[in-house]
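File shown: query-v2.pdb. Contents: PDB, C-alpha atoms and all ligand atoms.
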ATOM      1  CA  MET A  45       0.000   0.000   0.000  1.00  0.00           C
ATOM      2  CA  THR A  46       1.167   3.542  -0.651  1.00  0.00           C
ATOM      3  CA  THR A  47       0.491   6.589   1.455  1.00  0.00           C
ATOM      4  CA  THR A  48      -0.843   9.728  -0.146  1.00  0.00           C
ATOM      5  CA  GLN A  49      -0.635  13.311   0.996  1.00  0.00           C
ATOM      6  CA  ILE A  50      -3.213  14.800   3.319  1.00  0.00           C
ATOM      7  CA  ARG A  51      -6.234  15.839   1.273  1.00  0.00           C
ATOM      8  CA  PRO A  52      -7.929  18.848   2.881  1.00  0.00           C
ATOM      9  CA  THR A  53     -11.700  18.597   2.878  1.00  0.00           C
ATOM     10  CA  THR A  54     -14.320  20.681   4.610  1.00  0.00           C
ATOM     11  CA  GLU A  55     -16.575  17.620   4.793  1.00  0.00           C
ATOM     12  CA  LEU A  56     -14.517  16.406   7.744  1.00  0.00           C
ATOM     13  CA  THR A  57     -14.705  19.646   9.764  1.00  0.00           C
ATOM     14  CA  ALA A  58     -17.640  18.595  11.968  1.00  0.00           C
ATOM     15  CA  LEU A  59     -16.128  15.160  12.534  1.00  0.00           C
ATOM     16  CA  ILE A  60     -12.752  16.648  13.516  1.00  0.00           C
ATOM     17  CA  ASP A  61     -14.456  18.990  15.997  1.00  0.00           C
ATOM     18  CA  GLY A  62     -16.427  16.048  17.404  1.00  0.00           C
ATOM     19  CA  VAL A  63     -13.318  13.933  17.894  1.00  0.00           C
ATOM     20  CA  ARG A  64     -11.644  16.826  19.725  1.00  0.00           C
ATOM     21  CA  THR A  65     -14.639  17.018  22.068  1.00  0.00           C
ATOM     22  CA  ALA A  66     -14.547  13.255  22.655  1.00  0.00           C
ATOM     23  CA  ILE A  67     -10.827  13.263  23.492  1.00  0.00           C
ATOM     24  CA  ALA A  68     -11.249  16.265  25.801  1.00  0.00           C
ATOM     25  CA  ALA A  69     -13.393  14.075  28.077  1.00  0.00           C
ATOM     26  CA  HIS A  70     -10.126  12.322  29.108  1.00  0.00           C
ATOM     27  CA  ALA A  71     -11.744   8.906  29.364  1.00  0.00           C
ATOM     28  CA  ASP A  72      -9.599   5.753  29.313  1.00  0.00           C
ATOM     29  CA  TRP A  73      -8.815   4.231  25.890  1.00  0.00           C
ATOM     30  CA  SER A  74     -11.919   2.064  25.807  1.00  0.00           C
ATOM     31  CA  GLY A  75     -14.153   4.961  26.844  1.00  0.00           C
ATOM     32  CA  THR A  76     -12.494   7.289  24.360  1.00  0.00           C
ATOM     33  CA  ALA A  77     -13.072   4.768  21.550  1.00  0.00           C
ATOM     34  CA  GLN A  78     -16.786   4.688  22.395  1.00  0.00           C
ATOM     35  CA  LEU A  79     -17.032   8.498  22.539  1.00  0.00           C
ATOM     36  CA  VAL A  80     -15.197   8.872  19.220  1.00  0.00           C
ATOM     37  CA  ALA A  81     -17.454   6.192  17.679  1.00  0.00           C
ATOM     38  CA  GLN A  82     -20.502   8.241  18.719  1.00  0.00           C
ATOM     39  CA  GLN A  83     -19.030  11.243  16.902  1.00  0.00           C
ATOM     40  CA  LEU A  84     -18.246   9.219  13.786  1.00  0.00           C
ATOM     41  CA  ARG A  85     -21.834   7.873  13.708  1.00  0.00           C
ATOM     42  CA  ARG A  86     -23.103  11.440  13.935  1.00  0.00           C
ATOM     43  CA  HIS A  87     -20.714  12.850  11.323  1.00  0.00           C
ATOM     44  CA  LEU A  88     -20.072   9.913   8.999  1.00  0.00           C
ATOM     45  CA  PRO A  89     -18.768  11.433   5.742  1.00  0.00           C
ATOM     46  CA  SER A  90     -19.668  10.299   2.234  1.00  0.00           C
ATOM     47  CA  PRO A  91     -17.319   7.900   0.393  1.00  0.00           C
ATOM     48  CA  ASP A  92     -16.222  10.907  -1.691  1.00  0.00           C
ATOM     49  CA  VAL A  93     -13.746  12.007   1.002  1.00  0.00           C
ATOM     50  CA  VAL A  94     -11.613   9.018  -0.006  1.00  0.00           C
ATOM     51  CA  ASP A  95     -10.039   8.997  -3.459  1.00  0.00           C
ATOM     52  CA  THR A  96     -10.723   5.619  -5.080  1.00  0.00           C
ATOM     53  CA  ASP A  97      -8.564   6.456  -8.099  1.00  0.00           C
ATOM     54  CA  GLU A  98      -5.431   6.213  -5.996  1.00  0.00           C
ATOM     55  CA  SER A  99      -3.548   2.981  -6.564  1.00  0.00           C
ATOM     56  CA  GLY A 100      -2.739   2.707  -2.863  1.00  0.00           C
ATOM     57  CA  GLY A 101      -5.424   2.052  -0.340  1.00  0.00           C
ATOM     58  CA  TYR A 102      -4.189   4.166   2.554  1.00  0.00           C
ATOM     59  CA  GLN A 103      -4.890   7.924   2.578  1.00  0.00           C
ATOM     60  CA  ILE A 104      -4.167  10.285   5.438  1.00  0.00           C
ATOM     61  CA  LEU A 105      -7.137  12.662   5.653  1.00  0.00           C
ATOM     62  CA  HIS A 106      -6.225  14.541   8.835  1.00  0.00           C
ATOM     63  CA  VAL A 107      -3.553  14.585  11.521  1.00  0.00           C
ATOM     64  CA  GLU A 108      -4.378  16.627  14.597  1.00  0.00           C
ATOM     65  CA  PRO A 109      -1.609  19.224  15.188  1.00  0.00           C
ATOM     66  CA  ASP A 110      -1.044  18.061  18.782  1.00  0.00           C
ATOM     67  CA  GLY A 111      -0.687  14.446  17.598  1.00  0.00           C
ATOM     68  CA  SER A 112      -3.697  13.202  19.559  1.00  0.00           C
ATOM     69  CA  PHE A 113      -5.436  11.529  16.604  1.00  0.00           C
ATOM     70  CA  SER A 114      -5.297  10.794  12.886  1.00  0.00           C
ATOM     71  CA  ILE A 115      -8.043  10.131  10.343  1.00  0.00           C
ATOM     72  CA  ILE A 116      -7.260   7.659   7.567  1.00  0.00           C
ATOM     73  CA  GLY A 117      -9.243   6.672   4.480  1.00  0.00           C
ATOM     74  CA  LEU A 118      -8.875   3.091   3.278  1.00  0.00           C
ATOM     75  CA  VAL A 119      -9.865   1.579  -0.064  1.00  0.00           C
ATOM     76  CA  TRP A 120     -10.321  -2.201  -0.109  1.00  0.00           C
ATOM     77  CA  ARG A 121     -10.328  -3.999  -3.429  1.00  0.00           C
ATOM     78  CA  PRO A 122     -12.464  -7.138  -3.799  1.00  0.00           C
ATOM     79  CA  GLY A 123     -10.769  -9.975  -1.942  1.00  0.00           C
ATOM     80  CA  GLN A 124      -8.211  -7.736  -0.254  1.00  0.00           C
ATOM     81  CA  ILE A 125      -7.222  -8.962   3.213  1.00  0.00           C
ATOM     82  CA  THR A 126      -4.929  -7.611   5.926  1.00  0.00           C
ATOM     83  CA  ARG A 127      -2.432  -9.627   7.934  1.00  0.00           C
ATOM     84  CA  ILE A 128      -3.488 -10.460  11.492  1.00  0.00           C
ATOM     85  CA  HIS A 129      -2.442  -7.495  13.621  1.00  0.00           C
ATOM     86  CA  ASP A 130      -3.210  -5.360  16.629  1.00  0.00           C
ATOM     87  CA  HIS A 131      -2.858  -1.667  17.364  1.00  0.00           C
ATOM     88  CA  LEU A 132      -0.822   0.783  19.421  1.00  0.00           C
ATOM     89  CA  THR A 133      -3.851   2.745  20.544  1.00  0.00           C
ATOM     90  CA  TRP A 134      -7.628   3.002  20.430  1.00  0.00           C
ATOM     91  CA  CYS A 135      -9.198   2.755  16.989  1.00  0.00           C
ATOM     92  CA  VAL A 136     -12.602   3.639  15.560  1.00  0.00           C
ATOM     93  CA  PHE A 137     -13.727   2.723  12.077  1.00  0.00           C
ATOM     94  CA  GLY A 138     -16.767   3.270   9.913  1.00  0.00           C
ATOM     95  CA  VAL A 139     -17.661   1.644   6.618  1.00  0.00           C
ATOM     96  CA  LEU A 140     -18.622   4.201   3.945  1.00  0.00           C
ATOM     97  CA  GLN A 141     -19.178   1.794   1.064  1.00  0.00           C
ATOM     98  CA  GLY A 142     -19.263  -1.974   0.586  1.00  0.00           C
ATOM     99  CA  VAL A 143     -18.653  -4.689   3.162  1.00  0.00           C
ATOM    100  CA  GLU A 144     -15.714  -5.318   5.476  1.00  0.00           C
ATOM    101  CA  ARG A 145     -15.530  -8.603   7.316  1.00  0.00           C
ATOM    102  CA  GLU A 146     -13.651  -8.344  10.606  1.00  0.00           C
ATOM    103  CA  GLU A 147     -12.270 -11.493  12.223  1.00  0.00           C
ATOM    104  CA  LEU A 148     -11.251 -11.255  15.875  1.00  0.00           C
ATOM    105  CA  PHE A 149      -8.638 -13.538  17.448  1.00  0.00           C
ATOM    106  CA  ASP A 150      -7.537 -14.369  20.991  1.00  0.00           C
ATOM    107  CA  ALA A 151      -3.882 -14.265  22.096  1.00  0.00           C
ATOM    108  CA  ASP A 152      -3.400 -17.848  20.809  1.00  0.00           C
ATOM    109  CA  LEU A 153      -4.759 -16.759  17.417  1.00  0.00           C
ATOM    110  CA  ASN A 154      -7.975 -18.771  17.732  1.00  0.00           C
ATOM    111  CA  LEU A 155     -10.808 -17.153  15.808  1.00  0.00           C
ATOM    112  CA  ILE A 156     -13.264 -15.868  18.425  1.00  0.00           C
ATOM    113  CA  GLY A 157     -15.588 -13.647  16.403  1.00  0.00           C
ATOM    114  CA  VAL A 158     -16.614 -12.616  12.903  1.00  0.00           C
ATOM    115  CA  SER A 159     -18.652  -9.592  11.961  1.00  0.00           C
ATOM    116  CA  ASP A 160     -19.671  -8.289   8.560  1.00  0.00           C
ATOM    117  CA  ASN A 161     -19.660  -4.492   8.698  1.00  0.00           C
ATOM    118  CA  LEU A 162     -21.866  -2.799   6.136  1.00  0.00           C
ATOM    119  CA  ALA A 163     -21.946   0.806   4.927  1.00  0.00           C
ATOM    120  CA  GLY A 164     -22.977   2.978   7.879  1.00  0.00           C
ATOM    121  CA  ASP A 165     -21.649   0.593  10.532  1.00  0.00           C
ATOM    122  CA  VAL A 166     -19.280   2.176  13.059  1.00  0.00           C
ATOM    123  CA  SER A 167     -17.335   0.471  15.841  1.00  0.00           C
ATOM    124  CA  GLY A 168     -14.599   1.346  18.247  1.00  0.00           C
ATOM    125  CA  PHE A 169     -12.134  -0.770  20.184  1.00  0.00           C
ATOM    126  CA  ALA A 170      -8.972  -0.466  22.226  1.00  0.00           C
ATOM    127  CA  PRO A 171      -6.062  -2.718  23.129  1.00  0.00           C
ATOM    128  CA  PRO A 172      -5.669  -5.258  24.634  1.00  0.00           C
ATOM    129  CA  GLY A 173      -7.943  -7.772  22.916  1.00  0.00           C
ATOM    130  CA  ASP A 174      -7.845  -6.114  19.508  1.00  0.00           C
ATOM    131  CA  ILE A 175      -6.037  -8.798  17.483  1.00  0.00           C
ATOM    132  CA  HIS A 176      -7.857  -8.840  14.191  1.00  0.00           C
ATOM    133  CA  ARG A 177      -7.881  -9.133  10.438  1.00  0.00           C
ATOM    134  CA  VAL A 178     -10.038  -7.267   7.927  1.00  0.00           C
ATOM    135  CA  HIS A 179     -11.209  -8.796   4.658  1.00  0.00           C
ATOM    136  CA  ASN A 180     -13.253  -7.404   1.778  1.00  0.00           C
ATOM    137  CA  THR A 181     -15.314 -10.509   1.057  1.00  0.00           C
ATOM    138  CA  ALA A 182     -17.537  -8.826  -1.532  1.00  0.00           C
ATOM    139  CA  GLY A 183     -17.059  -8.409  -5.255  1.00  0.00           C
ATOM    140  CA  THR A 184     -17.061  -4.616  -5.065  1.00  0.00           C
ATOM    141  CA  THR A 185     -14.642  -2.016  -3.719  1.00  0.00           C
ATOM    142  CA  ALA A 186     -15.125  -1.140  -0.056  1.00  0.00           C
ATOM    143  CA  ILE A 187     -14.243   2.218   1.509  1.00  0.00           C
ATOM    144  CA  SER A 188     -13.786   2.912   5.200  1.00  0.00           C
ATOM    145  CA  ILE A 189     -12.604   5.665   7.480  1.00  0.00           C
ATOM    146  CA  HIS A 190     -10.401   4.926  10.507  1.00  0.00           C
ATOM    147  CA  ILE A 191      -9.550   7.174  13.433  1.00  0.00           C
ATOM    148  CA  TYR A 192      -6.517   6.284  15.566  1.00  0.00           C
ATOM    149  CA  GLY A 193      -5.458   7.890  18.838  1.00  0.00           C
ATOM    150  CA  THR A 194      -1.981   8.822  17.652  1.00  0.00           C
ATOM    151  CA  ASP A 195      -0.111  10.740  14.947  1.00  0.00           C
ATOM    152  CA  VAL A 196       0.362   7.990  12.366  1.00  0.00           C
ATOM    153  CA  THR A 197       2.876  10.089  10.424  1.00  0.00           C
ATOM    154  CA  ARG A 198       5.117  10.242  13.488  1.00  0.00           C
ATOM    155  CA  VAL A 199       4.855   6.631  14.677  1.00  0.00           C
ATOM    156  CA  GLY A 200       4.798   5.317  11.082  1.00  0.00           C
ATOM    157  CA  SER A 201       1.788   3.053  11.524  1.00  0.00           C
ATOM    158  CA  SER A 202      -1.083   2.367  13.889  1.00  0.00           C
ATOM    159  CA  VAL A 203      -0.090  -1.311  14.012  1.00  0.00           C
ATOM    160  CA  ARG A 204       1.574  -2.622  17.166  1.00  0.00           C
ATOM    161  CA  ARG A 205       2.588  -5.952  15.652  1.00  0.00           C
ATOM    162  CA  TYR A 206       1.724  -8.539  12.998  1.00  0.00           C
ATOM    163  CA  TYR A 207       1.027 -12.183  13.872  1.00  0.00           C
ATOM    164  CA  ASP A 208       2.167 -14.487  11.077  1.00  0.00           C
TER     165      ASP A 208
HETATM  166 FE    FE B   1      -6.669  -2.931  12.352  1.00  0.00          FE
END
How does the structure come out when it is put into structure tokens?
Ligand SMILES: [Fe+2]
Amino acid sequence: MTTTQIRPTTELTALIDGVRTAIAAHADWSGTAQLVAQQLRRHLPSPDVVDTDESGGYQILHVEPDGSFSIIGLVWRPGQITRIHDHLTWCVFGVLQGVEREELFDADLNLIGVSDNLAGDVSGFAPPGDIHRVHNTAGTTAISIHIYGTDVTRVGSSVRRYYD
């Protein structure tokens, strides 16, 4: 995957303000993920904020100047699947188009849950217990938006580790 430049868009303004409000509550990671998920449900943007013409699937849409969060757009081609991984911080995601199947694993990499997330579905989670894999099981391109509680341009990635 390639990373593209930040694409300024006014469509994200209300969402960015909402995430700032959620973080200002100073809840723990799990609580913050739920508060940010509420904001994303309220301000879910259209798929147009993510550029599907880009060859790479990973687009940085916003990095908060104080480094407290980043908003990423992801394009998933039919059949595309991630490696099994977990994250450095809380994460909230919403599906804007298509279907994303999420498979959740325990620490021994046993599959413990599967959910098919459809357009409009939003969920939030926080480590530990966030070992997962995401798979576009449909025959059409899926688009999602992800919010991570860190500056992904500084730490390089939101992934803590891969499990292969
Ligand atoms: Fe992930």
Practice item. Check which residues satisfy the PyMOL selection byres (((not hetatm)) within 12 of (chain B and resi 1)) in the file shown, then give them as a ChimeraX atom specification. Key: /A:116,118,125-137,144-149,167-171,173-179,188-192,201-206
Review point. Distance CA of Asp97 in chain A-CA of Gly111 in chain A, one decimal place?
Key: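 According to the coordinates, CA of Asp97 in chain A and CA of Gly111 in chain A are separated by 28.0 Å.
A straight line drawn from CA of Arg85 in chain A to CA of Leu155 in chain A is 27.4 Å long.
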**Study point:** Shell of 12 Å around Asp92 in chain A, all atoms listed in the file, local chain residues under 6 positions omitted, as a list of chain:residue names
**Key:**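 My reading of the contact set: A:Arg51, A:Thr53, A:Thr54, A:Glu55, A:Leu56, A:Leu105, A:Gly117, A:Leu118, A:Val119, A:Leu140, A:Gln141, A:Ile187, A:Ser188, A:Ile189.
For the pair CA of Ala186 in chain A and CA of Gly157 in chain A, the interatomic distance is 20.7 Å.
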Could I get the residues of range 71-138 of chain A with an atom no further than 12 Å from an atom of range 162-166 of chain A, each paired with its nearest atom pair and that distance in Å to one decimal, using only C-alpha atoms, sorted by chain and residue number, as a Markdown table?
| residue | atom | partner | partner_atom | distance |
| --- | --- | --- | --- | --- |
| A:Ala77 | CA | A:Val166 | CA | 10.8 |
| A:Gln78 | CA | A:Val166 | CA | 10.0 |
| A:Leu79 | CA | A:Val166 | CA | 11.6 |
| A:Val80 | CA | A:Val166 | CA | 10.0 |
| A:Ala81 | CA | A:Val166 | CA | 6.4 |
| A:Gln82 | CA | A:Val166 | CA | 8.4 |
| A:Gln83 | CA | A:Val166 | CA | 9.9 |
| A:Leu84 | CA | A:Val166 | CA | 7.2 |
| A:Arg85 | CA | A:Val166 | CA | 6.3 |
| A:Arg86 | CA | A:Val166 | CA | 10.1 |
| A:His87 | CA | A:Gly164 | CA | 10.7 |
| A:Leu88 | CA | A:Gly164 | CA | 7.6 |
| A:Pro89 | CA | A:Gly164 | CA | 9.7 |
| A:Ser90 | CA | A:Gly164 | CA | 9.8 |
| A:Pro91 | CA | A:Ala163 | CA | 9.6 |
| A:Cys135 | CA | A:Val166 | CA | 10.8 |
| A:Val136 | CA | A:Val166 | CA | 7.3 |
| A:Phe137 | CA | A:Val166 | CA | 5.7 |
| A:Gly138 | CA | A:Val166 | CA | 4.2 |
So which residues touch Ser114 in chain A within 7 Å, counting only C-alpha atoms, skipping near sequence neighbours fewer than 6 positions away, as a PDB file with C-alpha atoms, keeping the file's coordinate frame?
ATOM      1  CA  HIS A 106      -6.225  14.541   8.835  1.00  0.00           C
ATOM      2  CA  VAL A 107      -3.553  14.585  11.521  1.00  0.00           C
ATOM      3  CA  GLU A 108      -4.378  16.627  14.597  1.00  0.00           C
ATOM      4  CA  ILE A 191      -9.550   7.174  13.433  1.00  0.00           C
ATOM      5  CA  TYR A 192      -6.517   6.284  15.566  1.00  0.00           C
ATOM      6  CA  GLY A 193      -5.458   7.890  18.838  1.00  0.00           C
ATOM      7  CA  THR A 194      -1.981   8.822  17.652  1.00  0.00           C
ATOM      8  CA  ASP A 195      -0.111  10.740  14.947  1.00  0.00           C
ATOM      9  CA  VAL A 196       0.362   7.990  12.366  1.00  0.00           C
TER      10      VAL A 196
END
Review point. Between A:Val158, A:Tyr207, A:Phe113, A:Arg198, which has the minimum distance to Asp61 in chain A (counting all atoms listed in the file)?
Key: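 Closest residue, counting all atoms listed in the file: A:Phe113.
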Review point. Of the residues A:Ile156, A:Ile104, A:Asp150, A:Gly142, which is the one nearest to Ala182 in chain A, using only C-alpha atoms?
Key: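 Closest residue, counting only C-alpha atoms: A:Gly142.
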